[in-house]
$ cat coords-v6.csv   # CSV, C-alpha atoms
chain,number,residue,atom,x,y,z
A,249,MET,CA,41.6,-22.8,7.8
A,250,VAL,CA,43.2,-21.7,4.5
A,251,PHE,CA,39.6,-21.6,3.1
A,252,PHE,CA,38.4,-19.3,5.8
A,253,ARG,CA,41.5,-17.0,5.5
A,254,SER,CA,40.8,-16.7,1.7
A,255,ILE,CA,37.1,-15.7,2.5
A,256,SER,CA,38.4,-13.2,5.0
A,257,ARG,CA,40.8,-11.7,2.5
A,258,GLY,CA,37.9,-11.6,-0.1
A,259,ILE,CA,35.7,-9.7,2.3
A,260,SER,CA,38.4,-7.3,3.3
A,261,SER,CA,39.1,-6.5,-0.4
A,262,SER,CA,35.5,-5.7,-0.9
A,263,LEU,CA,35.6,-2.9,1.8
A,264,SER,CA,36.4,0.7,1.1
A,265,LYS,CA,38.0,2.8,3.8
A,266,THR,CA,36.2,6.0,4.9
A,267,ARG,CA,37.0,8.6,7.5
A,268,TYR,CA,34.5,7.0,9.8
A,269,GLY,CA,35.6,3.4,9.3
A,270,TYR,CA,34.7,0.8,6.7
A,271,TYR,CA,31.9,1.0,4.3
A,272,ARG,CA,30.7,-2.4,3.2
A,273,LYS,CA,30.0,-2.8,-0.5
A,274,LEU,CA,29.1,-6.5,-0.3
A,275,ARG,CA,28.1,-6.5,-3.9
A,276,PHE,CA,28.7,-10.2,-4.1
A,277,LEU,CA,25.9,-11.1,-1.7
A,278,SER,CA,22.7,-12.3,-3.5
A,279,ASN,CA,20.4,-10.3,-1.3
A,280,ILE,CA,21.9,-6.9,-2.1
A,281,PRO,CA,20.3,-5.4,-5.2
A,282,GLU,CA,22.8,-4.8,-8.0
A,283,ASN,CA,22.1,-2.2,-10.7
A,284,THR,CA,22.5,-4.5,-13.7
A,285,VAL,CA,19.0,-5.6,-14.8
A,286,TYR,CA,16.8,-4.3,-11.9
A,287,GLY,CA,18.0,-1.5,-9.7
A,288,GLY,CA,16.0,-2.3,-6.6
A,289,PRO,CA,13.9,0.1,-4.5
A,290,LYS,CA,15.2,3.5,-3.6
A,291,PRO,CA,15.7,4.5,0.1
A,292,GLN,CA,12.4,5.7,1.6
A,293,ASN,CA,11.7,9.0,3.4
A,294,PRO,CA,14.3,9.3,6.2
A,295,ASN,CA,12.0,11.5,8.3
A,296,GLN,CA,10.8,10.3,11.6
A,297,ARG,CA,8.0,7.8,11.7
A,298,VAL,CA,4.5,9.0,12.4
A,299,THR,CA,3.3,7.7,15.8
A,300,LEU,CA,0.2,8.2,18.0
A,301,THR,CA,2.2,11.0,19.7
A,302,THR,CA,2.7,12.7,16.4
A,303,LEU,CA,-1.1,12.5,15.7
A,304,ARG,CA,-2.0,13.8,19.1
A,305,GLN,CA,0.3,16.7,18.7
A,306,LYS,CA,-1.2,17.6,15.3
A,307,TYR,CA,-4.7,17.3,16.8
A,308,LYS,CA,-3.8,19.5,19.8
A,309,LYS,CA,-2.5,22.2,17.4
A,310,GLY,CA,-5.5,21.9,15.2
A,311,GLU,CA,-3.5,20.7,12.2
A,312,ALA,CA,-5.4,18.5,9.7
A,313,ILE,CA,-4.5,14.8,9.7
A,314,THR,CA,-4.1,13.1,6.3
A,315,MET,CA,-4.9,9.5,5.6
A,316,VAL,CA,-4.9,7.5,2.4
A,317,THR,CA,-6.1,3.9,1.9
A,318,GLY,CA,-3.6,1.8,-0.1
A,319,TYR,CA,-3.3,-1.9,-0.8
A,320,ASP,CA,0.2,-2.7,-2.2
A,321,TYR,CA,3.9,-1.8,-2.4
A,322,PRO,CA,3.7,0.9,-5.1
A,323,SER,CA,0.9,2.7,-3.4
A,324,GLY,CA,2.7,2.5,-0.1
A,325,VAL,CA,5.8,4.1,-1.7
A,326,HIS,CA,3.8,6.9,-3.2
A,327,ILE,CA,1.9,7.5,0.1
A,328,ASP,CA,5.2,7.6,1.9
A,329,MET,CA,6.8,10.0,-0.5
A,330,ALA,CA,3.8,12.4,-0.3
A,331,GLY,CA,4.2,12.7,3.5
A,332,ILE,CA,0.8,11.3,4.3
A,333,ASP,CA,0.3,10.8,8.0
A,334,ILE,CA,-1.6,7.5,8.0
A,335,CYS,CA,-1.7,4.7,5.5
A,336,LEU,CA,-4.8,2.5,5.9
A,337,VAL,CA,-4.8,-0.9,4.4
A,338,GLY,CA,-8.5,-1.2,4.0
A,339,ASP,CA,-10.9,-4.1,3.5
A,340,SER,CA,-12.1,-2.1,0.6
A,341,ALA,CA,-9.4,-4.0,-1.2
A,342,SER,CA,-12.2,-6.5,-1.7
A,343,MET,CA,-13.9,-4.1,-4.1
A,344,VAL,CA,-11.1,-2.0,-5.5
A,345,VAL,CA,-8.4,-4.7,-6.0
A,346,HIS,CA,-10.3,-8.0,-6.0
A,347,GLY,CA,-13.3,-6.8,-8.0
A,348,HIS,CA,-16.1,-7.9,-5.5
A,349,ASP,CA,-19.2,-5.8,-5.1
A,350,THR,CA,-18.8,-5.5,-1.3
A,351,THR,CA,-16.1,-5.6,1.4
A,352,LEU,CA,-17.4,-8.9,2.9
A,353,PRO,CA,-15.6,-11.6,0.9
A,354,ILE,CA,-12.0,-10.6,1.7
A,355,THR,CA,-10.3,-12.9,4.2
A,356,ILE,CA,-7.7,-12.1,6.9
A,357,ASP,CA,-5.1,-14.0,5.0
A,358,GLU,CA,-5.7,-11.9,1.9
A,359,MET,CA,-5.6,-8.8,4.1
A,360,LEU,CA,-2.3,-9.8,5.5
A,361,VAL,CA,-0.7,-10.0,2.0
A,362,HIS,CA,-1.9,-6.5,1.4
A,363,CYS,CA,-0.6,-5.3,4.8
A,364,ARG,CA,2.9,-6.8,4.2
A,365,ALA,CA,3.2,-5.3,0.8
A,366,VAL,CA,2.2,-1.8,2.0
A,367,ALA,CA,4.5,-2.0,4.9
A,368,ARG,CA,7.5,-2.7,2.6
A,369,GLY,CA,6.8,0.5,0.8
A,370,ALA,CA,5.5,3.0,3.4
A,371,LYS,CA,8.2,3.5,6.0
A,372,ARG,CA,7.1,6.9,7.4
A,373,PRO,CA,3.3,6.9,7.9
A,374,LEU,CA,1.4,5.2,10.7
A,375,LEU,CA,0.2,1.9,9.3
A,376,VAL,CA,-3.3,0.8,10.1
A,377,GLY,CA,-4.8,-2.5,9.0
A,378,ASP,CA,-8.6,-3.2,8.7
A,379,LEU,CA,-10.1,-6.2,10.5
A,380,PRO,CA,-12.2,-7.9,7.8
A,381,PHE,CA,-15.7,-9.1,8.2
A,382,GLY,CA,-16.0,-12.3,10.2
A,383,THR,CA,-12.7,-12.0,12.0
A,384,TYR,CA,-13.6,-10.2,15.2
A,385,GLU,CA,-17.3,-10.3,15.9
A,386,SER,CA,-17.7,-13.8,17.5
A,387,SER,CA,-15.7,-13.1,20.7
A,388,THR,CA,-13.1,-10.9,22.3
A,389,LYS,CA,-10.6,-13.7,22.0
A,390,GLN,CA,-11.2,-13.9,18.2
A,391,ALA,CA,-10.9,-10.1,18.0
A,392,VAL,CA,-7.6,-9.9,19.9
A,393,ASP,CA,-6.2,-12.9,18.0
A,394,THR,CA,-6.9,-11.3,14.7
A,395,ALA,CA,-5.6,-7.9,15.7
A,396,VAL,CA,-2.4,-9.6,16.9
A,397,ARG,CA,-1.9,-11.2,13.5
A,398,VAL,CA,-2.4,-7.9,11.8
A,399,LEU,CA,0.5,-6.4,13.8
A,400,LYS,CA,2.8,-9.5,13.9
A,401,GLU,CA,2.2,-10.9,10.5
A,402,GLY,CA,1.1,-7.8,8.6
A,403,GLY,CA,3.6,-5.3,9.9
A,404,MET,CA,0.9,-2.8,10.9
A,405,ASP,CA,1.1,-0.3,13.8
A,406,ALA,CA,-2.6,-0.3,14.6
A,407,ILE,CA,-5.9,-1.7,13.5
A,408,LYS,CA,-9.3,-0.3,12.5
A,409,LEU,CA,-12.6,-1.9,13.1
A,410,GLU,CA,-16.2,-0.9,12.4
A,411,GLY,CA,-18.2,0.1,15.5
A,412,GLY,CA,-21.9,0.3,16.0
A,413,ALA,CA,-23.0,-2.9,17.7
A,414,PRO,CA,-22.2,-3.4,21.4
A,415,SER,CA,-20.2,-6.5,20.6
A,416,ARG,CA,-17.9,-4.4,18.3
A,417,ILE,CA,-17.4,-1.8,21.1
A,418,THR,CA,-16.5,-4.7,23.4
A,419,ALA,CA,-14.1,-6.0,20.8
A,420,ALA,CA,-12.4,-2.6,20.5
A,421,LYS,CA,-12.0,-2.5,24.3
A,422,ALA,CA,-10.4,-5.9,24.4
A,423,ILE,CA,-8.0,-5.1,21.6
A,424,VAL,CA,-6.9,-1.8,23.3
A,425,GLU,CA,-6.4,-3.7,26.6
A,426,ALA,CA,-4.2,-6.2,24.7
A,427,GLY,CA,-1.9,-3.3,23.9
A,428,ILE,CA,-2.9,-2.6,20.4
A,429,ALA,CA,-3.9,0.8,19.1
A,430,VAL,CA,-7.4,1.0,17.5
A,431,ILE,CA,-9.2,3.4,15.2
A,432,GLY,CA,-13.0,3.1,15.3
A,433,HIS,CA,-15.4,3.6,12.4
A,434,VAL,CA,-19.0,4.9,12.5
A,435,GLY,CA,-21.6,6.2,10.2
A,436,LEU,CA,-21.7,4.1,7.0
A,437,THR,CA,-20.1,0.9,8.0
A,438,PRO,CA,-19.7,-1.2,4.8
A,439,GLN,CA,-19.5,-4.5,6.6
A,440,ALA,CA,-23.0,-3.9,8.0
A,441,ILE,CA,-24.7,-3.5,4.6
A,442,SER,CA,-26.9,-6.5,5.3
A,443,VAL,CA,-28.7,-4.6,8.1
A,444,LEU,CA,-28.2,-1.1,6.6
A,445,GLY,CA,-29.9,-2.2,3.4
A,446,GLY,CA,-26.9,-1.3,1.2
A,447,PHE,CA,-24.3,1.5,1.1
A,448,ARG,CA,-26.5,4.2,2.6
A,449,PRO,CA,-25.4,7.4,4.3
A,450,GLN,CA,-26.2,7.6,8.0
A,451,GLY,CA,-27.1,10.4,10.4
A,452,ARG,CA,-29.8,11.9,8.2
A,453,ASN,CA,-32.6,11.8,10.8
A,454,ILE,CA,-32.6,12.6,14.6
A,455,ASP,CA,-32.1,9.0,15.9
A,456,SER,CA,-29.5,8.1,13.3
A,457,ALA,CA,-27.5,11.4,13.9
A,458,VAL,CA,-27.6,10.9,17.7
A,459,LYS,CA,-26.4,7.3,17.2
A,460,VAL,CA,-23.4,8.5,15.3
A,461,VAL,CA,-22.3,10.7,18.1
A,462,GLU,CA,-23.1,8.2,20.8
A,463,THR,CA,-21.2,5.4,19.0
A,464,ALA,CA,-18.2,7.6,18.5
A,465,MET,CA,-18.2,8.5,22.2
A,466,ALA,CA,-18.4,4.8,23.1
A,467,LEU,CA,-15.4,4.0,20.9
A,468,GLN,CA,-13.5,6.9,22.6
A,469,GLU,CA,-14.4,5.6,26.0
A,470,VAL,CA,-13.0,2.1,25.3
A,471,GLY,CA,-9.7,3.6,24.2
A,472,CYS,CA,-9.8,4.2,20.5
A,473,PHE,CA,-7.3,6.9,19.5
A,474,SER,CA,-9.3,8.1,16.5
A,475,VAL,CA,-12.7,7.5,14.8
A,476,VAL,CA,-13.5,7.4,11.1
A,477,LEU,CA,-16.8,9.1,10.2
A,478,GLU,CA,-18.1,7.9,6.9
A,479,CYS,CA,-21.0,9.3,4.8
A,480,VAL,CA,-22.7,11.4,7.4
A,481,PRO,CA,-24.0,15.0,7.0
A,482,ALA,CA,-21.3,17.7,7.7
A,483,PRO,CA,-23.2,19.1,10.8
A,484,VAL,CA,-23.4,15.6,12.3
A,485,ALA,CA,-19.6,15.2,11.8
A,486,ALA,CA,-19.0,18.6,13.3
A,487,ALA,CA,-21.0,17.8,16.4
A,488,THR,CA,-19.2,14.4,16.8
A,489,THR,CA,-15.8,16.1,16.3
A,490,SER,CA,-16.7,18.7,18.9
A,491,ALA,CA,-17.9,16.1,21.4
A,492,LEU,CA,-14.8,13.9,21.2
A,493,ARG,CA,-11.4,14.4,22.7
A,494,ILE,CA,-9.7,12.3,19.9
A,495,PRO,CA,-9.3,13.1,16.2
A,496,THR,CA,-12.1,12.3,13.7
A,497,ILE,CA,-11.2,11.3,10.2
A,498,GLY,CA,-13.8,12.1,7.6
A,499,ILE,CA,-14.7,10.3,4.4
A,500,GLY,CA,-17.8,11.8,2.8
A,501,ALA,CA,-18.4,13.7,6.1
A,502,GLY,CA,-17.7,17.3,5.2
A,503,PRO,CA,-14.9,19.6,6.1
A,504,PHE,CA,-15.3,19.8,9.9
A,505,CYS,CA,-13.4,16.6,10.9
A,506,SER,CA,-9.9,16.5,12.3
A,507,GLY,CA,-8.6,14.9,9.1
A,508,GLN,CA,-9.7,13.3,5.9
A,509,VAL,CA,-9.2,9.9,4.2
A,510,LEU,CA,-9.7,8.8,0.6
A,511,VAL,CA,-8.8,5.6,-1.3
A,512,TYR,CA,-5.6,5.8,-3.4
A,513,HIS,CA,-7.3,4.6,-6.6
A,514,ASP,CA,-10.2,6.9,-6.2
A,515,LEU,CA,-8.4,10.2,-5.6
A,516,LEU,CA,-6.0,9.5,-8.5
A,517,GLY,CA,-8.9,8.7,-10.9
A,518,MET,CA,-7.1,5.5,-11.7
A,519,MET,CA,-9.9,3.2,-12.6
A,520,GLN,CA,-12.1,3.7,-15.7
A,521,HIS,CA,-13.7,0.2,-15.8
A,522,PRO,CA,-17.5,0.2,-15.3
A,523,HIS,CA,-17.2,-1.9,-12.2
A,524,HIS,CA,-15.0,0.7,-10.5
A,525,ALA,CA,-17.3,3.5,-11.7
A,526,LYS,CA,-20.1,1.7,-9.9
A,527,VAL,CA,-18.3,1.5,-6.6
A,528,THR,CA,-16.5,4.9,-6.7
A,529,PRO,CA,-18.3,7.1,-4.1
A,530,LYS,CA,-20.0,10.4,-4.9
A,531,PHE,CA,-17.9,12.3,-2.3
A,532,CYS,CA,-14.6,11.4,-3.9
A,533,LYS,CA,-12.7,14.2,-5.6
A,534,GLN,CA,-10.3,13.0,-8.3
A,535,PHE,CA,-7.1,14.9,-7.9
A,536,GLY,CA,-5.8,13.2,-11.1
A,537,GLN,CA,-6.9,11.3,-14.1
A,538,VAL,CA,-4.3,8.5,-13.9
A,539,GLY,CA,-6.7,6.0,-15.5
A,540,ASP,CA,-6.7,8.0,-18.7
A,541,VAL,CA,-2.9,8.1,-18.8
A,542,ILE,CA,-2.8,4.3,-18.1
A,543,ASN,CA,-5.2,3.5,-20.9
A,544,LYS,CA,-3.3,5.8,-23.4
A,545,ALA,CA,0.0,4.2,-22.5
A,546,LEU,CA,-1.4,0.7,-22.9
A,547,GLN,CA,-2.8,1.5,-26.2
A,548,GLU,CA,0.5,3.0,-27.4
A,549,TYR,CA,2.3,0.0,-26.2
A,550,LYS,CA,0.0,-2.3,-28.1
A,551,GLU,CA,0.4,-0.3,-31.2
A,552,GLU,CA,4.2,-0.1,-31.1
A,553,VAL,CA,4.5,-3.9,-30.5
A,554,THR,CA,2.1,-4.6,-33.3
A,555,ASN,CA,3.9,-2.4,-35.8
A,556,GLY,CA,7.4,-3.5,-34.7
A,557,SER,CA,8.7,-0.2,-33.5
A,558,PHE,CA,9.1,-1.4,-29.9
A,559,PRO,CA,11.6,-2.5,-28.8
A,560,GLY,CA,14.1,-0.5,-30.8
A,561,SER,CA,17.8,-0.2,-30.3
A,562,ALA,CA,17.3,2.2,-27.4
A,563,HIS,CA,15.5,-0.5,-25.5
A,564,SER,CA,17.7,-3.4,-26.5
A,565,PRO,CA,20.7,-2.4,-24.3
A,566,TYR,CA,22.5,-5.8,-23.9
A,567,LYS,CA,25.4,-6.1,-26.3
A,568,ILE,CA,27.6,-9.0,-27.5
A,569,GLY,CA,31.1,-8.1,-28.7
A,570,ALA,CA,32.1,-8.6,-32.3
A,571,ALA,CA,34.5,-11.5,-31.6
A,572,ASP,CA,31.9,-13.3,-29.4
A,573,MET,CA,29.3,-12.7,-32.1
A,574,ASP,CA,31.5,-14.3,-34.8
A,575,GLY,CA,32.1,-17.3,-32.5
A,576,PHE,CA,28.4,-17.6,-31.7
A,577,LEU,CA,27.6,-17.7,-35.4
A,578,ASN,CA,30.2,-20.3,-36.0
A,579,GLU,CA,28.9,-22.5,-33.2
A,580,LEU,CA,25.3,-22.2,-34.6
A,581,GLN,CA,26.5,-23.3,-38.0
A,582,LYS,CA,28.4,-26.2,-36.5
A,583,LEU,CA,25.2,-27.3,-34.8
A,584,GLY,CA,23.4,-27.1,-38.1
A,585,PHE,CA,21.3,-24.1,-37.1
A,586,ASN,CA,22.0,-22.1,-40.3
A,587,ASP,CA,18.7,-20.3,-40.3
A,588,ALA,CA,19.3,-19.3,-36.7
A,589,ALA,CA,22.8,-18.0,-37.6
A,590,SER,CA,21.4,-15.9,-40.4
A,591,ALA,CA,18.7,-14.5,-38.1
A,592,ALA,CA,21.3,-13.6,-35.5
A,593,ALA,CA,23.5,-11.9,-38.1
A,594,ALA,CA,20.6,-9.9,-39.5
A,595,ALA,CA,19.5,-8.8,-36.0
A,596,ALA,CA,23.0,-7.7,-35.1
A,597,GLU,CA,23.3,-5.6,-38.3
A,598,LYS,CA,19.8,-4.1,-37.8
A,599,ILE,CA,20.5,-3.1,-34.2
A,600,GLN,CA,23.8,-1.5,-35.2
A,601,THR,CA,22.2,0.6,-38.0
A,602,SER,CA,19.0,1.6,-36.2
$ encode --input "coords-v6.csv" --output "structure tokens"
Amino acid sequence: MVFFRSISRGISSSLSKTRYGYYRKLRFLSNIPENTVYGGPKPQNPNQRVTLTTLRQKYKKGEAITMVTGYDYPSGVHIDMAGIDICLVGDSASMVVHGHDTTLPITIDEMLVHCRAVARGAKRPLLVGDLPFGTYESSTKQAVDTAVRVLKEGGMDAIKLEGGAPSRITAAKAIVEAGIAVIGHVGLTPQAISVLGGFRPQGRNIDSAVKVVETAMALQEVGCFSVVLECVPAPVAAATTSALRIPTIGIGAGPFCSGQVLVYHDLLGMMQHPHHAKVTPKFCKQFGQVGDVINKALQEYKEEVTNGSFPGSAHSPYKIGAADMDGFLNELQKLGFNDAASAAAAAAEKIQTS
């Protein structure tokens, strides 16, 4: 009992009184970040979360919807801070992050890791997770089970799947009926490169253009709340957008969609490696050249480490008092570490004078 009373007194002493009651500091708890070595994440955007209702209101008002595809915590934070409406965790992570030539290799377990990371960073946008290839085509049960995992284990608000084949339309219907919001995807559907013959634009002839519109309509009819239009001519995207009663999100589909989506790395101009240049689409505008900045910073880091100018005193912030330093040197000498004692004394003098 005495033990519990002492704990209670300790907790009480850690509380500071405010006009509204007690504010808990709780600095002694291990799960509360303390600004000693690492400061921990800053609070995210306090604005109201984007929901389907938010998107419907924007669509009704004719306001453009913004979507960015991100794959990790840092991109999630930046997408959040920029006020983007939708953050898509895309299976394009297979190419952009994992270095594959297609989206096909990525697994649901790998996608869930990306989903969870993004969800920790993006608190305001609507979060949408892609269903990767091979996780929803076999049966409606498989499709629903995978979609449930994306929400329960991945922390997403909705899922996206590629339409086109009747089985995928059926899968979208089953997922919606299971109570999960779905974005459809028509035009260039990267998971179907085996039958498309590669990453080829769609809707460039009569039959293909009509199929884009009809597939988008079918996805709307089974309950999708939006449809991504990828790599189709602008007039085809305009026709599809006009025919639908739900928002279209364009990527390489011209300016006549209800919104636009680009990949985080692409729009920032982040990647300069030949692999990424090979998979960066023609339609992507680079709003920054972050890759050049990254390369320059890495080269400067290498140079400063090599020539010994980093880290200097400004980046060696942790001090040891004079008395403790003397005691430390004495202990080293007692242990027979005379060279170590000399090195420590020389380092202390250099840091003080630099």
$ residues_around --input "coords-v6.csv" --residues "region 382-388 of chain A" --least-positions-apart "5" --cutoff "10 Å" --atoms "all atoms listed in the file" --output "compact mmCIF listing (two decimals) with C-alpha atoms, keeping the file's coordinate frame"
# COMPACT_ATOMS: atom_id res chain seq x y z
CA LEU A 352 -17.40 -8.90 2.90
CA PRO A 353 -15.60 -11.60 0.90
CA ILE A 354 -12.00 -10.60 1.70
CA THR A 355 -10.30 -12.90 4.20
CA ILE A 356 -7.70 -12.10 6.90
CA ASP A 393 -6.20 -12.90 18.00
CA THR A 394 -6.90 -11.30 14.70
CA ALA A 395 -5.60 -7.90 15.70
CA LEU A 409 -12.60 -1.90 13.10
CA ALA A 413 -23.00 -2.90 17.70
CA SER A 415 -20.20 -6.50 20.60
CA ARG A 416 -17.90 -4.40 18.30
CA ILE A 417 -17.40 -1.80 21.10
CA THR A 418 -16.50 -4.70 23.40
CA ALA A 419 -14.10 -6.00 20.80
CA ALA A 420 -12.40 -2.60 20.50
CA LYS A 421 -12.00 -2.50 24.30
CA ALA A 422 -10.40 -5.90 24.40
CA ILE A 423 -8.00 -5.10 21.60
CA GLN A 439 -19.50 -4.50 6.60
$ atom_distance --input "coords-v6.csv" --atom1 "CA of Phe535 (chain A)" --atom2 "CA of Thr496 (chain A)"
22.3 Å
$ residues_around --input "coords-v6.csv" --residues "Ala486 (chain A)" --least-positions-apart "6" --cutoff "12 Å" --atoms "only C-alpha atoms" --output "PyMOL selection string"
chain A and resi 451+457+460-461+477+480+492+495-498+501-507
$ closest_residue --input "coords-v6.csv" --among "A:Ser456, A:Met404, A:Arg372, A:Val476" --to "Ile431 (chain A)" --atoms "only C-alpha atoms"
A:Val476
$ residues_around --input "coords-v6.csv" --residues "Cys479 (chain A)" --least-positions-apart "6" --cutoff "10 Å" --atoms "only C-alpha atoms" --output "CSV table (one decimal) with C-alpha atoms, in the coordinates of the input"
chain,number,residue,atom,x,y,z
A,434,VAL,CA,-19.0,4.9,12.5
A,435,GLY,CA,-21.6,6.2,10.2
A,436,LEU,CA,-21.7,4.1,7.0
A,437,THR,CA,-20.1,0.9,8.0
A,447,PHE,CA,-24.3,1.5,1.1
A,448,ARG,CA,-26.5,4.2,2.6
A,449,PRO,CA,-25.4,7.4,4.3
A,450,GLN,CA,-26.2,7.6,8.0
A,451,GLY,CA,-27.1,10.4,10.4
A,452,ARG,CA,-29.8,11.9,8.2
A,485,ALA,CA,-19.6,15.2,11.8
A,498,GLY,CA,-13.8,12.1,7.6
A,499,ILE,CA,-14.7,10.3,4.4
A,500,GLY,CA,-17.8,11.8,2.8
A,501,ALA,CA,-18.4,13.7,6.1
A,502,GLY,CA,-17.7,17.3,5.2
A,529,PRO,CA,-18.3,7.1,-4.1
A,530,LYS,CA,-20.0,10.4,-4.9
A,531,PHE,CA,-17.9,12.3,-2.3
$ residues_near_point --input "coords-v6.csv" --point "(-0.1, -7.8, 0.1)" --cutoff "12 Å" --atoms "all atoms listed in the file" --output "PyMOL selection string"
chain A and resi 318-324+337-339+341+345-346+356-369+377+398+401-404
$ closest_residue --input "coords-v6.csv" --among "A:Gly575, A:Gly310, A:Gly569, A:Pro373" --to "Ile327 (chain A)" --atoms "only C-alpha atoms"
A:Pro373
$ atom_distance --input "coords-v6.csv" --atom1 "CA of Leu300 (chain A)" --atom2 "CA of Gln534 (chain A)"
28.7 Å
$ closest_residue --input "coords-v6.csv" --among "A:Met315, A:Asp378, A:Ala487, A:Lys309" --to "Ser342 (chain A)" --atoms "all atoms listed in the file"
A:Asp378
$ atom_distance --input "coords-v6.csv" --atom1 "CA of Ile428 (chain A)" --atom2 "CA of Cys472 (chain A)"
9.7 Å
